[in-house]
Amino acid sequence: MSGEPDGPEDRLRRFATIWSRAIFPVTASSLTRVEFEKELMPLARRLRDALGERTLDAPAAQAVGAALIGVHCTDPEALTRTLDVVDAYLVLYCRADEDRREDELRARCARLQHSVAAGFAQALRERTLVEQEAISRAALSARSAVAEALHASEARFRAVFHGAAIGIGIADLEGTVLEANDALVRMFGGAENLVRGRNVVEWTHPDDAPHLWRLYEELVRGEREHYRVEKAFYRPDGTALWTNLTVSLLRDADGVPQYQLALVEDTTERRLLNLRLRYEATHDALTGLPNRTLFFERLEKALAAGDGMRFGLCYLDLDGFKTINDSLGHAAGDRLLVEVADRLQGCATAPGEMVARLGGDEFVALTTGRDTAAEVDDLAGRIMHALSAPIRIDGRELTVRGSIGIVEGPAAGERSPAEVLRSADITMYRAKSAGGNRYELADPEADARAITRHGLTTALPAALERAEFFIEYQPLVHLGDGSVRGAEALVRWLHPQHGVLGPDQFIPLAEDTGLIVPLGRWVLEESVRQARVWQERYEDAGSLRINVNLSPMQLTHPGLVSDTVDILERFGLEPGALCLEVTESALIGADDDLLKPLRRLAEMGVDIALDDFGTGYSNLANLRRLPVSVLKLDRSFTQGMQRFPADPVDLKIVEGIVALAHSLDLSVTVEGVETGAQAEQLRDLGCDTAQGWYYARPGPPDRLHELALCDATR
């Protein structure tokens with residue numbers, strides 16, 4: 001069995017298969033080989049038909065060669081392989097006439113190969129010409145587009161360059177300005193010769209940042225791509241041009257530095273506005289002096305100075321300024337402050353000195369240097385002298401007085417500006433308390449006391465809420481038989497840091513802050529509750545009386561009577577078991593409105609005691625109109641009896657007071673009894689009751705009953 005194909009079509013397909021396998025590897029077709037073989041079948045058939053013609057059909061063979069170009073067989077190797085396939089296999093697979101001689105078919109096949117080659121070459125030439133023409137047209141079109149794009153880009157650049165609102169300049173690497181837009185020219189006065197052709201190094205300014213020109217050198221050396229700084233320039237008229245300057249390095253296509261591009265934003269107006277706002281933020285609107293903000297900046301800088309430097313601070317507060325404001329009006333007060341500020345400004349003219357207004361009528365003067373101890377003293381003296389001359393306001397001559405607190409010390413200390421100012425403030429108030437119109441030097445111990453006082457003041461409200469107060473009771477003893485007749489309630493403060501504080505340490509603070517009213521109400525309530533506990537727990541305590549102190553502020557409180565009645569009724573204590581102690585200074589000279597609440601309480605049966613009697617300049621005749629039933633002699637009378645023998649004058653005074661009190665149906669209680677001799681003398685003088693360390697120190701409530709039991713068994 002031969003392996004030859006049977007029919008003509010099979011043989012033709014076999015020829016096309018051989019042909020496709022030969023030339024497919026050198027084609028540029030995107031077809032698969034099988035698809036490519038189908039493209040060759042019509043060409044193979046034309047070659048077969050041309051081989052069988054009696055006369056040579058050269059155009060048909062040429063068309064086959066040209067068709068190869070159409071199926072992307074443009075590689076010359078494809079033609080070579082095609083001719084080899086035709087030469088070897090066309091006659092073998094495509095002969096249709098068996099009668100024709102082999103040599104004739106071979107000759108015909110050779111001539112067909114020549115025609116295929118001619119058609120291939122002609123088609124390839126035409127295709128190449130077409131492609132070259134297309135490439136040429138594309139190149140021309142591209143060159144035209146590039147030229148148009150370049151022209152448009154250049155036009156846009158020029159429009160941006162000349163129309164930009166910010167200044168733009170281009171300089172070479174040596175610093176010579178090559179191009180400058182209109183905005184940059186206007187910034188420098190409007191003349192191009194003031195910008196173009198100049199070297200940027202000429203534009204140095206005293207306010208240039210130290211690193212500015214270092215950045216510039218790094219840029220022109222190619223070590224930096226850009227930098228941004230704030231820079232000042234001199235204009236031709238001598239004024240300053242402040243700018244935000246951005247400089248960038250321009251490189252060529254190979255990355256070699258060629259030019260420098262500067263963008264210049266004029267910030268002069270903005271800077272002037274900022275300076276104006278800064279001035280307004282750091283200076284007093286009324287006097288023009290530096291304000292608290294600027295003063296703290298200077299003080300902080302002074303305190304951060306190196307070793308060997310010192311500072312001195314004068315804190316001035318005008319004495320009686322509120323009276324001027326209230327009597328002449330705030331407009332006159334403002335003119336007075338302006339005049340005072342001018343005088344103070346004239347006192348601080350030396351280097352390192354400044355004056356500021358902190359607010360209201362408070363001013364400060366600061367001096368710095370290496371010998372401020374003498375300088376600040378001299379500065380305070382100059383200020384006092386400057387204020388000594390009267391100031392004329394609205395036709396009136398006003399005498400100005402001031403109190404000054406002085407703080408002086410080394411700059412390298414650990415105190416903050418706030419601490420220094422607080423010390424000066426405390427010292428100033430110490431000068432004011434001493435009469436004013438003077439200056440005082442800061443005293444660390446006095447500062448500590450004032451700070452402690454302030455701390456206690458701020459802690460008082462929370463202390464009452466946290467129940468940090470408690471009461472101790474000091475017995476009241478009858479001088480005749482030594483029996484315990486009652487006790488005085490003495491409030492104490494168990495402070496978390498300072499321990500137990502006596503009333504003299506915080507009662508004045510409570511009065512200043514108004515907290516004395518709720519604190520006094522609590523003391524009254526707790527004392528009445530304790531008195532009722534004594535009565536319920538101990539049968540022999542029915543006659544005990546509880547004494548509670550009232551402050552002057554409590555006397556004026558509208559709820560005094562109602563609060564007292566409510567507390568007595570709530571705990572079921574008879575009014576006669578309560579005695580309210582009021583200081584002599586609070587009652588002597590009091591009007592009827594002030595005495596009315598006490599009279600109502602006295603009418604109810606509550607005893608009213610006149611405490612600390614003998615310490616003021618009282619008119620004894622006023623005792624007749626006061627609703628008091630007890631006089632409590634101040635401890636200063638008993639102190640005079642500590643000597644033996646006692647001063648007869650002191651004895652006569654006490655004897656006279658006791659006689660007067662008894663004539664007015666008042667009982668007499670004496671405080672501060674510390675010895676048996678004092679107790680005996682007071683008993684001989686007719687005093688009724690006494691209290692003091694001789695009998696017992698203030699203590700817890702249970703101790704009072706123990707003392708009463710001891711008296712009962714004696």
# chains A, B, ... in the order shown; residues from 1 in each chain; ligands from 1
>>> residues_around(residues="stretch 530-540 of chain A", least_positions_apart="5", cutoff="8 Å", atoms="only C-alpha atoms", output="ChimeraX atom specification")
/A:545-546,571-573,701,705
>>> residues_around(residues="stretch 594-604 of chain A", least_positions_apart="5", cutoff="9 Å", atoms="only C-alpha atoms", output="compact mmCIF listing (two decimals) with N, CA and C atoms, in the first residue's frame")
# COMPACT_ATOMS: atom_id res chain seq x y z
N LEU A 555 -24.53 87.49 112.27
CA LEU A 555 -25.52 88.39 112.88
C LEU A 555 -26.37 89.08 111.83
N THR A 556 -25.76 89.35 110.68
CA THR A 556 -26.50 90.06 109.63
C THR A 556 -27.24 89.12 108.68
N PRO A 558 -30.07 86.91 107.33
CA PRO A 558 -31.52 86.95 107.63
C PRO A 558 -32.06 85.63 108.20
N LEU A 560 -30.74 83.81 110.66
CA LEU A 560 -30.19 83.46 111.96
C LEU A 560 -31.27 82.95 112.91
N VAL A 561 -32.34 83.70 113.09
CA VAL A 561 -33.38 83.33 114.05
C VAL A 561 -34.08 82.05 113.61
N THR A 564 -31.88 78.98 114.02
CA THR A 564 -31.71 78.61 115.43
C THR A 564 -32.96 77.91 115.97
N VAL A 565 -34.11 78.49 115.67
CA VAL A 565 -35.37 77.89 116.13
C VAL A 565 -35.54 76.49 115.54
N PRO A 575 -34.48 76.33 124.73
CA PRO A 575 -33.67 77.51 124.42
C PRO A 575 -32.74 77.90 125.56
N GLY A 576 -33.14 77.66 126.82
CA GLY A 576 -32.30 78.05 127.94
C GLY A 576 -31.02 77.27 128.04
N LEU A 587 -21.00 94.13 118.73
CA LEU A 587 -22.25 94.62 119.30
C LEU A 587 -22.20 96.05 119.78
N LEU A 626 -28.30 96.38 125.29
CA LEU A 626 -27.93 95.15 124.59
C LEU A 626 -28.68 93.98 125.19
N PRO A 627 -29.17 93.05 124.36
CA PRO A 627 -29.94 91.89 124.86
C PRO A 627 -29.01 90.78 125.35
N VAL A 628 -28.05 91.11 126.21
CA VAL A 628 -27.08 90.12 126.68
C VAL A 628 -27.39 89.76 128.12
N SER A 629 -27.03 88.53 128.50
CA SER A 629 -27.22 88.07 129.88
C SER A 629 -25.90 87.63 130.51
>>> residues_around(residues="A:Val523", least_positions_apart="4", cutoff="8 Å", atoms="only C-alpha atoms", output="list in words")
Ile471, Ala489, Val491, Leu519, Ser527 and Val548 of chain A
>>> closest_residue(among="A:Ile653, A:Ile391, A:Leu313, A:Ala487", to="A:Arg697", atoms="only C-alpha atoms")
A:Ala487
>>> closest_residue(among="A:Leu105, A:Val484, A:Ala341, A:Ile516", to="A:Arg703", atoms="only C-alpha atoms")
A:Val484
>>> atom_distance(atom1="atom CA of A:Val670", atom2="atom CA of A:Leu633")
4.9 Å
>>> residues_around(residues="A:Val407", least_positions_apart="3", cutoff="6 Å", atoms="only C-alpha atoms", output="ChimeraX atom specification")
/A:312-313,424,442
>>> select_by_dssp(residues="stretch 354-594 of chain A", states="strand (DSSP E)", output="ChimeraX atom specification")
/A:354-359,362-369,391-393,396-398,401-410,438-441,469-478,484-495,499-501,545-550,578-583
>>> decode(residues="stretch 180-333 of chain A", atoms="C-alpha atoms", output="tab-separated table (two decimals), in the first residue's frame")
chain	number	residue	atom	x	y	z
A	180	ALA	CA	12.14	88.35	35.33
A	181	ASN	CA	8.39	88.64	34.96
A	182	ASP	CA	6.38	91.83	35.37
A	183	ALA	CA	5.34	91.05	38.94
A	184	LEU	CA	8.97	90.67	40.06
A	185	VAL	CA	9.95	93.89	38.30
A	186	ARG	CA	7.10	95.76	40.03
A	187	MET	CA	8.25	94.46	43.43
A	188	PHE	CA	11.62	96.14	42.89
A	189	GLY	CA	10.31	99.49	41.75
A	190	GLY	CA	9.14	98.90	38.17
A	191	ALA	CA	12.43	99.26	36.28
A	192	GLU	CA	13.74	96.14	34.50
A	193	ASN	CA	17.39	97.18	34.86
A	194	LEU	CA	16.96	96.91	38.65
A	195	VAL	CA	16.34	93.17	38.26
A	196	ARG	CA	17.61	91.76	34.96
A	197	GLY	CA	21.37	91.39	34.74
A	198	ARG	CA	21.90	91.71	38.49
A	199	ASN	CA	23.52	89.01	40.54
A	200	VAL	CA	21.44	87.53	43.33
A	201	VAL	CA	24.39	87.78	45.73
A	202	GLU	CA	23.89	91.56	45.68
A	203	TRP	CA	20.51	91.11	47.40
A	204	THR	CA	21.84	90.36	50.86
A	205	HIS	CA	19.97	91.85	53.82
A	206	PRO	CA	20.91	92.20	57.51
A	207	ASP	CA	17.85	90.16	58.51
A	208	ASP	CA	18.80	87.18	56.34
A	209	ALA	CA	18.67	83.90	58.22
A	210	PRO	CA	22.17	82.51	58.90
A	211	HIS	CA	21.53	79.37	56.85
A	212	LEU	CA	19.97	81.12	53.82
A	213	TRP	CA	23.13	81.51	51.73
A	214	ARG	CA	24.31	78.04	52.73
A	215	LEU	CA	21.12	76.64	51.18
A	216	TYR	CA	21.79	78.72	48.06
A	217	GLU	CA	25.32	77.34	47.65
A	218	GLU	CA	24.05	73.77	48.06
A	219	LEU	CA	21.45	74.36	45.32
A	220	VAL	CA	23.81	75.79	42.67
A	221	ARG	CA	26.24	72.93	43.35
A	222	GLY	CA	23.44	70.47	42.57
A	223	GLU	CA	23.32	69.11	46.12
A	224	ARG	CA	19.77	70.38	46.72
A	225	GLU	CA	16.74	70.51	44.42
A	226	HIS	CA	14.93	73.42	46.11
A	227	TYR	CA	14.59	75.43	49.31
A	228	ARG	CA	12.02	77.83	50.82
A	229	VAL	CA	12.84	80.72	53.16
A	230	GLU	CA	11.53	84.06	54.33
A	231	LYS	CA	13.79	86.81	52.99
A	232	ALA	CA	13.92	90.58	53.00
A	233	PHE	CA	15.22	92.73	50.12
A	234	TYR	CA	16.04	96.41	49.86
A	235	ARG	CA	13.97	98.39	47.37
A	236	PRO	CA	15.62	101.29	45.51
A	237	ASP	CA	13.87	103.77	47.84
A	238	GLY	CA	15.40	102.09	50.88
A	239	THR	CA	12.22	100.40	52.11
A	240	ALA	CA	12.15	96.70	52.93
A	241	LEU	CA	10.49	94.13	50.69
A	242	TRP	CA	9.59	91.02	52.71
A	243	THR	CA	8.98	87.86	50.71
A	244	ASN	CA	8.42	84.13	50.84
A	245	LEU	CA	11.17	82.92	48.52
A	246	THR	CA	11.17	79.48	46.85
A	247	VAL	CA	14.21	78.59	44.72
A	248	SER	CA	14.35	75.44	42.57
A	249	LEU	CA	17.14	73.92	40.46
A	250	LEU	CA	16.45	73.31	36.73
A	251	ARG	CA	18.39	70.46	35.05
A	252	ASP	CA	18.81	69.49	31.37
A	253	ALA	CA	17.76	66.16	29.84
A	254	ASP	CA	20.94	64.53	31.15
A	255	GLY	CA	20.34	65.77	34.71
A	256	VAL	CA	23.07	68.43	34.61
A	257	PRO	CA	22.17	71.65	36.56
A	258	GLN	CA	21.53	74.56	34.17
A	259	TYR	CA	19.39	77.28	35.78
A	260	GLN	CA	17.78	78.33	39.03
A	261	LEU	CA	14.11	79.34	39.18
A	262	ALA	CA	12.89	81.68	41.93
A	263	LEU	CA	9.26	82.21	42.95
A	264	VAL	CA	8.88	85.39	45.01
A	265	GLU	CA	5.71	86.15	47.02
A	266	ASP	CA	5.43	89.69	48.41
A	267	THR	CA	4.48	89.39	52.11
A	268	THR	CA	5.31	92.95	53.16
A	269	GLU	CA	1.71	94.02	53.86
A	270	ARG	CA	0.99	90.77	55.65
A	271	ARG	CA	4.10	91.18	57.78
A	272	LEU	CA	3.18	94.76	58.70
A	273	LEU	CA	-0.32	93.57	59.63
A	274	ASN	CA	1.14	90.78	61.76
A	275	LEU	CA	3.46	93.24	63.46
A	276	ARG	CA	0.50	95.51	64.14
A	277	LEU	CA	-1.56	92.63	65.51
A	278	ARG	CA	1.41	91.49	67.57
A	279	TYR	CA	1.76	95.00	69.00
A	280	GLU	CA	-1.93	95.17	69.84
A	281	ALA	CA	-1.77	91.71	71.43
A	282	THR	CA	1.23	92.62	73.60
A	283	HIS	CA	0.47	96.24	74.54
A	284	ASP	CA	-2.17	97.86	76.69
A	285	ALA	CA	-4.77	99.70	74.62
A	286	LEU	CA	-5.23	102.50	77.15
A	287	THR	CA	-1.66	103.38	78.16
A	288	GLY	CA	0.41	101.92	75.33
A	289	LEU	CA	2.59	100.08	77.84
A	290	PRO	CA	3.51	96.42	77.39
A	291	ASN	CA	0.74	94.23	78.76
A	292	ARG	CA	0.77	91.07	80.85
A	293	THR	CA	1.58	88.85	77.86
A	294	LEU	CA	4.71	90.74	76.82
A	295	PHE	CA	5.78	91.23	80.42
A	296	PHE	CA	5.66	87.49	81.07
A	297	GLU	CA	7.74	86.90	77.92
A	298	ARG	CA	10.40	89.37	79.14
A	299	LEU	CA	10.32	87.99	82.67
A	300	GLU	CA	10.67	84.43	81.41
A	301	LYS	CA	13.63	85.50	79.29
A	302	ALA	CA	15.18	87.30	82.27
A	303	LEU	CA	14.79	84.22	84.47
A	304	ALA	CA	16.48	82.09	81.79
A	305	ALA	CA	19.59	84.30	81.62
A	306	GLY	CA	23.02	82.82	82.32
A	307	ASP	CA	24.88	82.54	85.59
A	308	GLY	CA	25.78	85.81	87.22
A	309	MET	CA	22.67	87.60	85.96
A	310	ARG	CA	19.99	88.81	88.35
A	311	PHE	CA	16.58	90.43	88.12
A	312	GLY	CA	14.54	92.90	90.13
A	313	LEU	CA	10.75	93.32	89.99
A	314	CYS	CA	8.55	96.10	91.37
A	315	TYR	CA	4.84	95.35	91.63
A	316	LEU	CA	2.84	98.59	91.99
A	317	ASP	CA	-0.79	99.00	92.99
A	318	LEU	CA	-2.32	102.46	93.34
A	319	ASP	CA	-3.81	103.20	96.77
A	320	GLY	CA	-7.40	104.40	96.75
A	321	PHE	CA	-7.88	104.20	92.99
A	322	LYS	CA	-11.36	102.71	93.41
A	323	THR	CA	-12.42	105.84	95.29
A	324	ILE	CA	-11.32	108.01	92.36
A	325	ASN	CA	-13.25	105.83	89.91
A	326	ASP	CA	-16.36	105.87	92.09
A	327	SER	CA	-16.29	109.61	92.78
A	328	LEU	CA	-15.04	111.10	89.48
A	329	GLY	CA	-16.03	108.38	87.02
A	330	HIS	CA	-14.14	105.88	84.93
A	331	ALA	CA	-13.15	108.43	82.29
A	332	ALA	CA	-11.24	110.41	84.90
A	333	GLY	CA	-9.79	107.18	86.23
